[in-house]
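Undergrad: Next comes the structure file structure.cif, holding mmCIF, C-alpha atoms.
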```cif
data_upload
#
loop_
_atom_site.label_atom_id
_atom_site.label_comp_id
_atom_site.auth_asym_id
_atom_site.auth_seq_id
_atom_site.Cartn_x
_atom_site.Cartn_y
_atom_site.Cartn_z
CA MET A 170 0.00 0.00 0.00
CA LYS A 171 1.49 3.33 -1.08
CA LYS A 172 1.71 5.89 1.71
CA ARG A 173 0.34 9.42 1.52
CA GLN A 174 1.92 12.57 2.89
CA ILE A 175 0.03 14.78 5.31
CA GLY A 176 0.35 18.22 3.78
CA LYS A 177 3.99 19.12 3.17
CA THR A 178 5.11 17.89 6.57
CA GLY A 179 7.19 14.89 5.60
CA ILE A 180 4.77 12.81 7.68
CA TYR A 181 3.58 9.78 5.70
CA VAL A 182 0.77 7.40 6.60
CA ASN A 183 -1.02 4.48 5.01
CA THR A 184 -3.91 5.28 2.70
CA VAL A 185 -6.64 4.42 5.22
CA GLY A 186 -6.62 5.75 8.77
CA LEU A 187 -8.70 4.78 11.80
CA GLY A 188 -11.39 7.03 13.18
CA CYS A 189 -11.47 6.08 16.87
CA MET A 190 -14.56 8.11 17.86
CA GLY A 191 -16.92 5.13 17.89
CA PHE A 192 -15.10 3.41 20.73
CA SER A 193 -16.58 5.90 23.17
CA HIS A 194 -18.83 8.39 21.40
CA ALA A 195 -21.92 8.58 19.17
CA TYR A 196 -22.49 4.86 18.65
CA GLY A 197 -24.25 3.80 21.82
CA MET A 198 -22.61 2.76 25.07
CA ALA A 199 -18.86 3.17 25.16
CA GLU A 200 -16.77 0.08 24.51
CA ASP A 201 -15.16 -1.17 27.72
CA LYS A 202 -11.59 0.06 28.06
CA ASP A 203 -9.77 -3.26 27.76
CA THR A 204 -11.68 -4.23 24.62
CA ALA A 205 -11.22 -0.80 23.02
CA VAL A 206 -7.49 -0.76 23.74
CA HIS A 207 -7.17 -4.29 22.36
CA MET A 208 -8.96 -3.36 19.13
CA ILE A 209 -6.89 -0.22 18.59
CA ARG A 210 -3.74 -2.31 19.01
CA LYS A 211 -5.24 -4.90 16.67
CA ALA A 212 -5.74 -2.12 14.12
CA TYR A 213 -2.06 -1.26 14.37
CA ALA A 214 -1.16 -4.92 13.84
CA LEU A 215 -3.36 -4.93 10.73
CA GLY A 216 -1.40 -1.99 9.28
CA TYR A 217 -3.12 1.17 10.51
CA ASP A 218 -0.64 3.89 11.44
CA PHE A 219 -2.88 7.00 11.51
CA PHE A 220 -5.28 7.29 14.44
CA ASP A 221 -7.88 10.03 14.83
CA THR A 222 -9.49 11.13 18.10
CA ALA A 223 -10.72 14.35 19.76
CA GLU A 224 -10.99 16.04 23.12
CA CYS A 225 -14.79 15.97 22.98
CA TYR A 226 -15.19 12.29 22.09
CA THR A 227 -16.55 11.07 25.39
CA GLY A 228 -19.20 8.56 26.33
CA GLU A 229 -20.66 6.63 29.21
CA ASN A 230 -19.23 3.35 30.41
CA ALA A 231 -21.47 0.56 31.68
CA ASP A 232 -20.66 1.55 35.26
CA GLY A 233 -21.69 5.16 34.68
CA THR A 234 -18.17 6.59 34.51
CA ILE A 235 -16.95 8.71 31.59
CA SER A 236 -14.97 7.14 28.77
CA TYR A 237 -12.43 9.56 27.28
CA ASN A 238 -11.51 8.55 23.75
CA GLU A 239 -8.08 10.14 23.98
CA GLU A 240 -7.30 7.96 27.00
CA LEU A 241 -8.18 4.82 25.06
CA VAL A 242 -5.97 5.86 22.15
CA GLY A 243 -3.13 6.93 24.42
CA THR A 244 -3.17 3.71 26.41
CA ALA A 245 -3.26 1.57 23.27
CA LEU A 246 -0.43 3.37 21.48
CA LYS A 247 1.91 4.60 24.23
CA ASP A 248 4.55 1.91 23.76
CA ILE A 249 4.55 2.27 19.96
CA ARG A 250 4.25 6.05 19.94
CA ASP A 251 7.13 6.57 17.53
CA LYS A 252 5.56 4.21 15.00
CA VAL A 253 2.16 5.92 14.69
CA ILE A 254 0.65 9.28 13.79
CA ILE A 255 -1.95 10.63 16.21
CA ALA A 256 -4.46 13.35 15.35
CA THR A 257 -6.71 15.00 17.91
CA LYS A 258 -8.91 18.09 18.02
CA PHE A 259 -9.78 21.10 20.15
CA GLY A 260 -12.50 23.71 20.25
CA VAL A 261 -15.71 21.71 20.76
CA GLN A 262 -17.63 20.62 23.83
CA HIS A 263 -20.87 18.66 23.66
CA LYS A 264 -23.53 20.38 25.73
CA GLY A 265 -26.66 18.29 25.58
CA ASP A 266 -28.25 18.92 22.21
CA HIS A 267 -25.74 21.50 20.97
CA LEU A 268 -22.04 22.13 20.50
CA GLU A 269 -20.21 24.80 22.46
CA LEU A 270 -17.40 26.30 20.39
CA ASP A 271 -14.34 27.91 21.92
CA SER A 272 -11.09 28.43 19.99
CA SER A 273 -9.71 31.24 22.14
CA PRO A 274 -5.92 31.07 22.60
CA GLN A 275 -6.17 30.28 26.30
CA THR A 276 -8.65 27.46 25.69
CA ILE A 277 -6.49 26.01 22.91
CA ARG A 278 -3.49 25.80 25.23
CA LYS A 279 -5.54 24.33 28.06
CA SER A 280 -7.07 21.78 25.71
CA LEU A 281 -3.67 20.81 24.34
CA GLU A 282 -2.25 20.14 27.79
CA GLY A 283 -5.28 17.98 28.60
CA SER A 284 -4.91 16.04 25.36
CA LEU A 285 -1.19 15.47 25.89
CA GLU A 286 -1.91 14.06 29.34
CA LYS A 287 -4.73 11.77 28.20
CA LEU A 288 -2.77 10.58 25.17
CA GLN A 289 0.32 9.99 27.34
CA THR A 290 2.58 11.77 24.87
CA SER A 291 4.74 14.87 24.71
CA TYR A 292 3.54 15.99 21.27
CA ILE A 293 0.60 15.77 18.87
CA ASP A 294 1.35 14.92 15.25
CA LEU A 295 -1.72 16.65 13.80
CA TYR A 296 -3.81 19.06 15.87
CA TYR A 297 -7.16 20.11 14.42
CA GLN A 298 -9.46 22.98 15.16
CA HIS A 299 -12.58 20.84 15.44
CA ARG A 300 -15.07 23.46 14.26
CA ILE A 301 -14.81 27.10 13.23
CA ASP A 302 -15.48 29.41 16.17
CA PRO A 303 -17.22 32.54 14.80
CA LYS A 304 -15.91 34.54 17.78
CA VAL A 305 -12.24 33.97 16.87
CA GLU A 306 -10.58 35.05 13.63
CA PRO A 307 -8.66 32.37 11.69
CA GLU A 308 -5.49 34.45 11.91
CA VAL A 309 -5.64 34.25 15.71
CA VAL A 310 -6.04 30.47 15.73
CA ALA A 311 -3.27 30.05 13.16
CA GLY A 312 -1.01 32.27 15.26
CA VAL A 313 -1.41 29.96 18.24
CA MET A 314 -0.71 26.93 16.03
CA LYS A 315 2.48 28.58 14.79
CA GLU A 316 3.59 29.04 18.39
CA LEU A 317 2.77 25.44 19.33
CA ILE A 318 4.72 24.10 16.36
CA ALA A 319 7.72 26.25 17.34
CA GLU A 320 7.45 24.93 20.89
CA GLY A 321 7.48 21.34 19.63
CA LYS A 322 4.10 20.51 21.17
CA ILE A 323 2.49 19.82 17.80
CA LYS A 324 4.05 18.87 14.47
CA ALA A 325 1.30 20.09 12.17
CA TRP A 326 -2.21 21.46 12.31
CA GLY A 327 -5.49 21.21 10.48
CA ILE A 328 -9.08 22.39 10.47
CA SER A 329 -12.26 20.32 10.49
CA GLU A 330 -15.43 21.35 8.62
CA VAL A 331 -13.65 24.31 7.08
CA ASN A 332 -14.60 26.56 4.16
CA GLU A 333 -12.31 28.07 1.56
CA ASP A 334 -12.14 31.62 2.93
CA TYR A 335 -11.29 30.52 6.47
CA LEU A 336 -8.77 27.99 5.16
CA ARG A 337 -6.92 30.50 3.00
CA ARG A 338 -6.77 33.10 5.76
CA ALA A 339 -5.47 30.60 8.29
CA HIS A 340 -2.98 29.08 5.85
CA ALA A 341 -1.47 32.49 5.13
CA VAL A 342 -0.40 32.78 8.80
CA CYS A 343 0.65 29.17 9.48
CA PRO A 344 0.51 26.53 6.73
CA VAL A 345 -2.41 24.14 7.19
CA SER A 346 -1.41 20.52 6.60
CA ALA A 347 -4.83 18.87 6.56
CA ILE A 348 -8.52 19.51 6.57
CA GLN A 349 -10.99 17.00 7.95
CA ASN A 350 -14.41 17.33 6.37
CA ARG A 351 -17.28 14.95 5.80
CA TYR A 352 -16.96 13.20 2.44
CA SER A 353 -18.67 10.22 0.89
CA MET A 354 -20.60 9.31 -2.24
CA MET A 355 -23.64 10.76 -0.49
CA ALA A 356 -21.86 13.87 0.84
CA ARG A 357 -19.95 15.67 -1.91
CA TRP A 358 -20.62 19.28 -1.01
CA HIS A 359 -16.96 19.95 -0.09
CA GLU A 360 -15.54 18.89 -3.46
CA ASN A 361 -15.10 22.60 -4.19
CA LEU A 362 -12.14 22.43 -1.79
CA PHE A 363 -10.23 19.91 -3.90
CA SER A 364 -8.64 22.57 -6.07
CA VAL A 365 -7.64 24.53 -2.96
CA CYS A 366 -6.05 21.42 -1.43
CA GLU A 367 -4.11 20.80 -4.64
CA GLU A 368 -3.00 24.43 -4.87
CA LEU A 369 -1.83 24.69 -1.25
CA GLY A 370 -0.59 21.13 -0.76
CA ILE A 371 -3.19 20.21 1.87
CA THR A 372 -4.44 16.70 2.66
CA TYR A 373 -8.19 16.05 2.73
CA VAL A 374 -8.98 13.66 5.59
CA ALA A 375 -12.46 12.28 4.91
CA PHE A 376 -14.65 11.42 7.88
CA SER A 377 -17.83 9.34 7.55
CA PRO A 378 -16.59 7.95 4.20
CA MET A 379 -19.40 5.38 4.18
CA ALA A 380 -22.19 7.83 5.11
CA ASN A 381 -22.24 6.58 8.71
CA GLY A 382 -22.37 2.98 7.55
CA LEU A 383 -25.16 3.14 4.99
CA LEU A 384 -22.84 2.48 2.05
CA THR A 385 -21.78 -0.84 3.52
CA GLY A 386 -25.16 -2.18 2.48
CA GLN A 387 -25.47 -3.80 5.91
CA PHE A 388 -28.13 -1.52 7.41
CA THR A 389 -31.73 -0.56 6.64
CA PRO A 390 -34.41 1.53 8.39
CA GLU A 391 -35.32 -1.68 10.24
CA SER A 392 -31.83 -1.98 11.73
CA LYS A 393 -31.77 -1.65 15.50
CA PHE A 394 -29.14 0.65 16.93
CA GLU A 395 -28.31 1.11 20.60
CA LYS A 396 -29.73 3.91 22.67
CA GLY A 397 -27.44 6.90 22.19
CA ASP A 398 -26.38 5.81 18.71
CA PHE A 399 -26.57 8.90 16.50
CA ARG A 400 -27.72 6.77 13.55
CA ASN A 401 -31.14 6.43 15.14
CA SER A 402 -32.01 9.95 13.99
CA MET A 403 -29.98 10.25 10.79
CA PRO A 404 -32.11 10.91 7.67
CA GLN A 405 -30.45 8.20 5.58
CA TYR A 406 -31.77 5.62 8.05
CA GLN A 407 -35.35 6.84 7.83
CA ALA A 408 -37.69 5.32 5.25
CA GLU A 409 -37.62 8.29 2.86
CA GLY A 410 -33.87 8.82 3.05
CA TYR A 411 -33.18 5.13 2.60
CA LYS A 412 -35.43 5.04 -0.46
CA LYS A 413 -33.46 7.89 -2.02
CA ALA A 414 -30.26 5.88 -1.62
CA GLN A 415 -31.50 2.74 -3.38
CA ALA A 416 -30.11 3.59 -6.81
CA LEU A 417 -26.67 4.27 -5.33
CA LEU A 418 -26.71 1.09 -3.26
CA ALA A 419 -27.59 -0.90 -6.38
CA LEU A 420 -24.74 0.70 -8.33
CA LEU A 421 -22.32 0.04 -5.48
CA LYS A 422 -23.35 -3.60 -5.22
CA ASP A 423 -22.96 -4.12 -8.96
CA MET A 424 -19.50 -2.53 -9.17
CA ALA A 425 -18.32 -4.23 -5.98
CA ASN A 426 -19.22 -7.59 -7.51
CA GLN A 427 -17.24 -6.68 -10.62
CA LYS A 428 -14.23 -5.70 -8.52
CA ASN A 429 -14.54 -8.70 -6.19
CA CYS A 430 -14.71 -6.43 -3.16
CA THR A 431 -17.33 -5.25 -0.68
CA MET A 432 -19.57 -2.23 -1.09
CA ALA A 433 -17.75 -0.55 1.79
CA GLN A 434 -14.40 -1.09 0.12
CA LEU A 435 -15.61 0.26 -3.20
CA SER A 436 -17.04 3.40 -1.57
CA MET A 437 -13.62 4.22 -0.15
CA ALA A 438 -11.60 3.11 -3.16
CA TRP A 439 -13.66 5.62 -5.14
CA MET A 440 -12.26 8.56 -3.17
CA ILE A 441 -8.77 7.12 -2.69
CA CYS A 442 -8.31 6.60 -6.43
CA LYS A 443 -9.96 9.92 -7.28
CA LYS A 444 -7.38 12.13 -5.57
CA ASP A 445 -3.98 11.24 -4.14
CA PHE A 446 -4.42 13.69 -1.26
CA ILE A 447 -7.55 12.08 0.21
CA ILE A 448 -7.26 9.82 3.28
CA PRO A 449 -10.49 8.26 4.58
CA ILE A 450 -10.74 7.49 8.30
CA PRO A 451 -13.54 4.95 8.74
CA GLY A 452 -14.22 3.64 12.21
CA SER A 453 -15.29 0.28 13.57
CA ARG A 454 -15.16 -1.75 16.77
CA LYS A 455 -15.00 -5.09 14.91
CA GLU A 456 -11.84 -6.78 13.69
CA ASN A 457 -13.35 -8.04 10.44
CA ARG A 458 -14.50 -4.51 9.59
CA LEU A 459 -11.09 -3.06 10.47
CA THR A 460 -9.48 -5.52 8.07
CA GLU A 461 -12.06 -4.90 5.35
CA ASN A 462 -11.74 -1.12 5.62
CA PHE A 463 -7.94 -1.11 5.60
CA ASN A 464 -7.81 -3.25 2.47
CA SER A 465 -9.81 -0.60 0.59
CA GLY A 466 -6.45 1.03 -0.05
CA ASN A 467 -5.43 -1.88 -2.27
CA ILE A 468 -8.37 -1.65 -4.68
CA GLU A 469 -7.77 0.09 -7.99
CA LEU A 470 -10.43 2.02 -9.89
CA THR A 471 -9.75 3.56 -13.28
CA ALA A 472 -10.53 7.15 -14.14
CA GLN A 473 -13.34 5.85 -16.34
CA GLU A 474 -14.85 3.85 -13.48
CA ILE A 475 -14.68 6.85 -11.17
CA LYS A 476 -16.34 9.00 -13.82
CA ARG A 477 -19.10 6.43 -14.23
CA ILE A 478 -19.81 6.64 -10.52
CA ASP A 479 -19.63 10.44 -10.46
CA ASP A 480 -21.92 10.78 -13.46
CA SER A 481 -24.47 8.58 -11.71
CA LEU A 482 -24.12 10.51 -8.44
CA ASP A 483 -24.79 13.75 -10.29
CA THR A 484 -28.29 12.46 -11.09
CA MET A 485 -29.09 11.49 -7.49
CA ASP A 486 -30.50 13.44 -4.56
CA PHE A 487 -29.88 12.16 -1.04
CA ALA A 488 -31.25 12.73 2.42
CA VAL A 489 -28.14 12.43 4.54
CA PHE A 490 -26.82 13.66 7.87
CA GLY A 491 -24.59 16.70 7.69
CA GLY A 492 -25.98 18.46 4.63
CA HIS A 493 -25.24 21.93 3.43
#
```
Represent the supplied structure as structure tokens.
TA:
Amino acid sequence: MKKRQIGKTGIYVNTVGLGCMGFSHAYGMAEDKDTAVHMIRKAYALGYDFFDTAECYTGENADGTISYNEELVGTALKDIRDKVIIATKFGVQHKGDHLELDSSPQTIRKSLEGSLEKLQTSYIDLYYQHRIDPKVEPEVVAGVMKELIAEGKIKAWGISEVNEDYLRRAHAVCPVSAIQNRYSMMARWHENLFSVCEELGITYVAFSPMANGLLTGQFTPESKFEKGDFRNSMPQYQAEGYKKAQALLALLKDMANQKNCTMAQLSMAWMICKKDFIIPIPGSRKENRLTENFNSGNIELTAQEIKRIDDSLDTMDFAVFGGH
């Protein structure tokens, strides 16, 4: 599997990274610590070397205590720290039914120290602003990142759910190495950033590359998710949204059969083969899924095959979480 560079940093990772959020956040009850740590280490053994977490990825353990995702990642990777790339994020706190955004310089520094402690490391490879804070100018955030890089506390920085204006303004102060935006066959509204990524040498890290699991073909509106699983309320898992996705799921199934791969693998190979600066970070708690997802990086699609998919997508309208 050919590695991909994160920005212009000289940091290279395998084509598929691991989104660790689901071990403790958004997908029902948190995985127990020993199992989560074991699976993250299993992912490393399978070939994963790029692990994504965030300060705000927390959940509830079976005993009522809080599960901190960064602690799971830190515990799993502490003795192989020099062999992996860890990304985490600042600037978001979950407050019931809404997000509280704070990217003030003092909060960034406080968050970083907390993340370093939970991750059991002295530096962060890639530190993201998790969401744009309308109260803080991009130049201010970038200025803090420049200081943290100079201090050796982070190696590179990125921005999640960013737009072009904010990205360019931030990049002018301190080069941005990566953006992390939603991207899948059902969520293409950030493709306008591709040309900006190519121009500035920025990596596009794609979260939810399988539309929160729908593109695996394994789930339907009748699927039962745990209490607290965000998929319970996502539009693609409601009857109308699922109906809108049928043509895409049929196309995926047909092409996956032709390529002798799974629908999940094809959905990620589509973006990997489309642009050499895209790195998907699917997540799973199951070893067979971890293996399946990682092997997406070995599937080749031609430009003609990608165009066939894109042309079909252009005719489709989806109901999907995280729209415009």
Undergrad: Name all residues at most 10 Å from region 202-214 of chain A (count only C-alpha atoms; drop same-chain ones fewer than 2 positions away) and give them as a tab-separated table (two decimals) with C-alpha atoms, in the frame of the given file.
TA:
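After the write, selection-v3.tsv holds the following:
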```tsv
chain	number	residue	atom	x	y	z
A	186	GLY	CA	-6.62	5.75	8.77
A	187	LEU	CA	-8.70	4.78	11.80
A	189	CYS	CA	-11.47	6.08	16.87
A	191	GLY	CA	-16.92	5.13	17.89
A	192	PHE	CA	-15.10	3.41	20.73
A	193	SER	CA	-16.58	5.90	23.17
A	199	ALA	CA	-18.86	3.17	25.16
A	200	GLU	CA	-16.77	0.08	24.51
A	216	GLY	CA	-1.40	-1.99	9.28
A	217	TYR	CA	-3.12	1.17	10.51
A	218	ASP	CA	-0.64	3.89	11.44
A	219	PHE	CA	-2.88	7.00	11.51
A	220	PHE	CA	-5.28	7.29	14.44
A	230	ASN	CA	-19.23	3.35	30.41
A	236	SER	CA	-14.97	7.14	28.77
A	237	TYR	CA	-12.43	9.56	27.28
A	238	ASN	CA	-11.51	8.55	23.75
A	240	GLU	CA	-7.30	7.96	27.00
A	241	LEU	CA	-8.18	4.82	25.06
A	242	VAL	CA	-5.97	5.86	22.15
A	243	GLY	CA	-3.13	6.93	24.42
A	244	THR	CA	-3.17	3.71	26.41
A	245	ALA	CA	-3.26	1.57	23.27
A	246	LEU	CA	-0.43	3.37	21.48
A	249	ILE	CA	4.55	2.27	19.96
A	252	LYS	CA	5.56	4.21	15.00
A	253	VAL	CA	2.16	5.92	14.69
A	453	SER	CA	-15.29	0.28	13.57
A	454	ARG	CA	-15.16	-1.75	16.77
A	455	LYS	CA	-15.00	-5.09	14.91
A	456	GLU	CA	-11.84	-6.78	13.69
A	459	LEU	CA	-11.09	-3.06	10.47
A	460	THR	CA	-9.48	-5.52	8.07
A	463	PHE	CA	-7.94	-1.11	5.60
```
Undergrad: Interatomic distance between CA of Cys225 (chain A) and CA of Ile371 (chain A)?
TA: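 Interatomic distance, CA of Cys225 (chain A) to CA of Ile371 (chain A): 24.5 Å.
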Undergrad: Leaving out Ile468 (chain A) and any residue of its chain fewer than 2 positions from it, which residues lie within 12 Å of it when counting all atoms listed in the file, given as a count of residues only?
TA: 30
Undergrad: Which of these, A:Leu482, A:Ile175, A:Val374, A:Met424, has the shortest distance to Pro344 (chain A) once you count all atoms listed in the file?
TA: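 Under the stated criterion, the closest residue is A:Ile175.
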Undergrad: List every protein, DNA or RNA residue with an atom no more than 9 Å from (-15.8, 31.7, 17.9) in the file's coordinates, counting all atoms listed in the file, and format the result as a short mmCIF file (atom, residue, chain, number, x, y, z; two decimals) with C-alpha atoms, in the frame of the given file.
TA:
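Output file part.cif is given in full below:
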```cif
data_model
loop_
_atom_site.label_atom_id
_atom_site.label_comp_id
_atom_site.auth_asym_id
_atom_site.auth_seq_id
_atom_site.Cartn_x
_atom_site.Cartn_y
_atom_site.Cartn_z
CA GLY A 260 -12.50 23.71 20.25
CA LEU A 270 -17.40 26.30 20.39
CA ASP A 271 -14.34 27.91 21.92
CA SER A 272 -11.09 28.43 19.99
CA SER A 273 -9.71 31.24 22.14
CA ILE A 301 -14.81 27.10 13.23
CA ASP A 302 -15.48 29.41 16.17
CA PRO A 303 -17.22 32.54 14.80
CA LYS A 304 -15.91 34.54 17.78
CA VAL A 305 -12.24 33.97 16.87
CA GLU A 306 -10.58 35.05 13.63
#
```
Undergrad: Which residues would end up in the selection if the PyMOL selection byres ((chain A and resi 353-369) around 7) were applied here, given that I need the answer as a list in words?
TA: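 Applying the expression gives Glu333, Arg351, Tyr352, Gly370, Ile371, Thr372, Ser377, Pro378, Met379, Ala380, Ser436, Phe487, Val489 and His493 of chain A.
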Undergrad: Tell me which of A:Gln349, A:Thr222, A:Gln415, A:Thr227 sits closest to His263 (chain A), counting all atoms listed in the file.
TA: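 That would be A:Thr227, the residue with the smallest distance to His263 (chain A).
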Undergrad: By how many Å are CA of Asn457 (chain A) and CA of Leu384 (chain A) apart?
TA: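 Value for the CA of Asn457 (chain A)-CA of Leu384 (chain A) distance: 16.5 Å.
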Undergrad: Which residues, written as JSON, numbers by chain, have at least one atom at most 9 Å from His340 (chain A), with all atoms listed in the file counted and residues fewer than 4 positions away on the same chain left out?
TA: {"A": [307, 308, 311, 335, 336, 344, 345, 346, 369]}
Undergrad: Can you report as JSON the centre and edge lengths in Å, to one decimal, of an axis-aligned box around the listed atoms of region 429-440 of chain A padded with 3 Å on each side?
TA:
```
{"center_x": -15.6, "center_y": -0.1, "center_z": -2.2, "size_x": 14.0, "size_y": 23.3, "size_z": 14.0}
```
Undergrad: By how many Å are CA of Thr257 (chain A) and CA of Ala223 (chain A) apart?
TA: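 Atom-to-atom, CA of Thr257 (chain A) and CA of Ala223 (chain A) are spaced 4.5 Å apart.
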Undergrad: Give me the residues near Cys343 (chain A) as a short mmCIF file (atom, residue, chain, number, x, y, z; two decimals) with C-alpha atoms, in the coordinates of the input, where near means some atom within 10 Å (using all atoms listed in the file) and where sequence neighbours in that chain fewer than 6 positions away do not count.
TA:
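Just written: out15.cif:
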```
data_model
loop_
_atom_site.label_atom_id
_atom_site.label_comp_id
_atom_site.auth_asym_id
_atom_site.auth_seq_id
_atom_site.Cartn_x
_atom_site.Cartn_y
_atom_site.Cartn_z
CA GLU A 308 -5.49 34.45 11.91
CA VAL A 310 -6.04 30.47 15.73
CA ALA A 311 -3.27 30.05 13.16
CA GLY A 312 -1.01 32.27 15.26
CA VAL A 313 -1.41 29.96 18.24
CA MET A 314 -0.71 26.93 16.03
CA LYS A 315 2.48 28.58 14.79
CA GLU A 316 3.59 29.04 18.39
CA ILE A 318 4.72 24.10 16.36
CA ALA A 325 1.30 20.09 12.17
CA TRP A 326 -2.21 21.46 12.31
#
```
Undergrad: Could you give me, as a list in words, the residues within 12 Å of Thr484 (chain A), counting all atoms listed in the file and dropping anything in the same chain fewer than 2 positions from it?
TA: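 The residues satisfying every condition are Met355, Lys413, Ala414, Ala416, Leu417, Arg477, Ile478, Asp479, Asp480, Ser481, Leu482, Asp486 and Phe487 of chain A.
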Undergrad: Go through A:Asp294, A:His267, A:Ala256, A:Met485 one by one, measure the shortest atom-to-atom distance of each to Lys412 (chain A) using only C-alpha atoms, and give the residue with the smallest value.
TA: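 That would be A:Met485, the residue with the smallest distance to Lys412 (chain A).
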Undergrad: Pick from A:Lys258, A:Glu239, A:His299, A:Ile450: nearest to Lys287 (chain A), with only C-alpha atoms counted?
TA: A:Glu239
Undergrad: With N, CA and C atoms as the goal, would you fill in the gaps in region 200-219 of chain A and present it as a tab-separated table (two decimals), in the frame of the given file?
TA:
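Contents of the output file selection.tsv:
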```tsv
chain	number	residue	atom	x	y	z
A	200	GLU	N	-17.41	1.39	24.40
A	200	GLU	CA	-16.77	0.08	24.51
A	200	GLU	C	-15.98	0.05	25.81
A	201	ASP	N	-15.94	-1.11	26.48
A	201	ASP	CA	-15.16	-1.17	27.72
A	201	ASP	C	-13.68	-0.97	27.37
A	202	LYS	N	-12.95	-0.40	28.33
A	202	LYS	CA	-11.59	0.06	28.06
A	202	LYS	C	-10.68	-1.03	27.53
A	203	ASP	N	-10.68	-2.19	28.18
A	203	ASP	CA	-9.77	-3.26	27.76
A	203	ASP	C	-10.05	-3.70	26.33
A	204	THR	N	-11.32	-3.82	25.98
A	204	THR	CA	-11.68	-4.23	24.62
A	204	THR	C	-11.29	-3.16	23.61
A	205	ALA	N	-11.56	-1.89	23.94
A	205	ALA	CA	-11.22	-0.80	23.02
A	205	ALA	C	-9.71	-0.73	22.79
A	206	VAL	N	-8.95	-0.80	23.86
A	206	VAL	CA	-7.49	-0.76	23.74
A	206	VAL	C	-6.99	-1.93	22.90
A	207	HIS	N	-7.56	-3.10	23.13
A	207	HIS	CA	-7.17	-4.29	22.36
A	207	HIS	C	-7.45	-4.09	20.87
A	208	MET	N	-8.61	-3.53	20.53
A	208	MET	CA	-8.96	-3.36	19.13
A	208	MET	C	-8.12	-2.30	18.45
A	209	ILE	N	-7.76	-1.25	19.18
A	209	ILE	CA	-6.89	-0.22	18.59
A	209	ILE	C	-5.51	-0.81	18.32
A	210	ARG	N	-5.02	-1.64	19.24
A	210	ARG	CA	-3.74	-2.31	19.01
A	210	ARG	C	-3.86	-3.32	17.86
A	211	LYS	N	-5.01	-3.97	17.78
A	211	LYS	CA	-5.24	-4.90	16.67
A	211	LYS	C	-5.20	-4.14	15.33
A	212	ALA	N	-5.78	-2.94	15.33
A	212	ALA	CA	-5.74	-2.12	14.12
A	212	ALA	C	-4.30	-1.83	13.70
A	213	TYR	N	-3.47	-1.50	14.67
A	213	TYR	CA	-2.06	-1.26	14.37
A	213	TYR	C	-1.42	-2.51	13.77
A	214	ALA	N	-1.72	-3.67	14.34
A	214	ALA	CA	-1.16	-4.92	13.84
A	214	ALA	C	-1.62	-5.20	12.41
A	215	LEU	N	-2.83	-4.73	12.08
A	215	LEU	CA	-3.36	-4.93	10.73
A	215	LEU	C	-2.72	-3.99	9.71
A	216	GLY	N	-2.07	-2.92	10.19
A	216	GLY	CA	-1.40	-1.99	9.28
A	216	GLY	C	-1.76	-0.52	9.46
A	217	TYR	N	-2.76	-0.23	10.27
A	217	TYR	CA	-3.12	1.17	10.51
A	217	TYR	C	-1.97	1.88	11.22
A	218	ASP	N	-1.67	3.10	10.76
A	218	ASP	CA	-0.64	3.89	11.44
A	218	ASP	C	-1.08	5.34	11.67
A	219	PHE	N	-2.34	5.64	11.39
A	219	PHE	CA	-2.88	7.00	11.51
A	219	PHE	C	-4.17	6.90	12.31
```
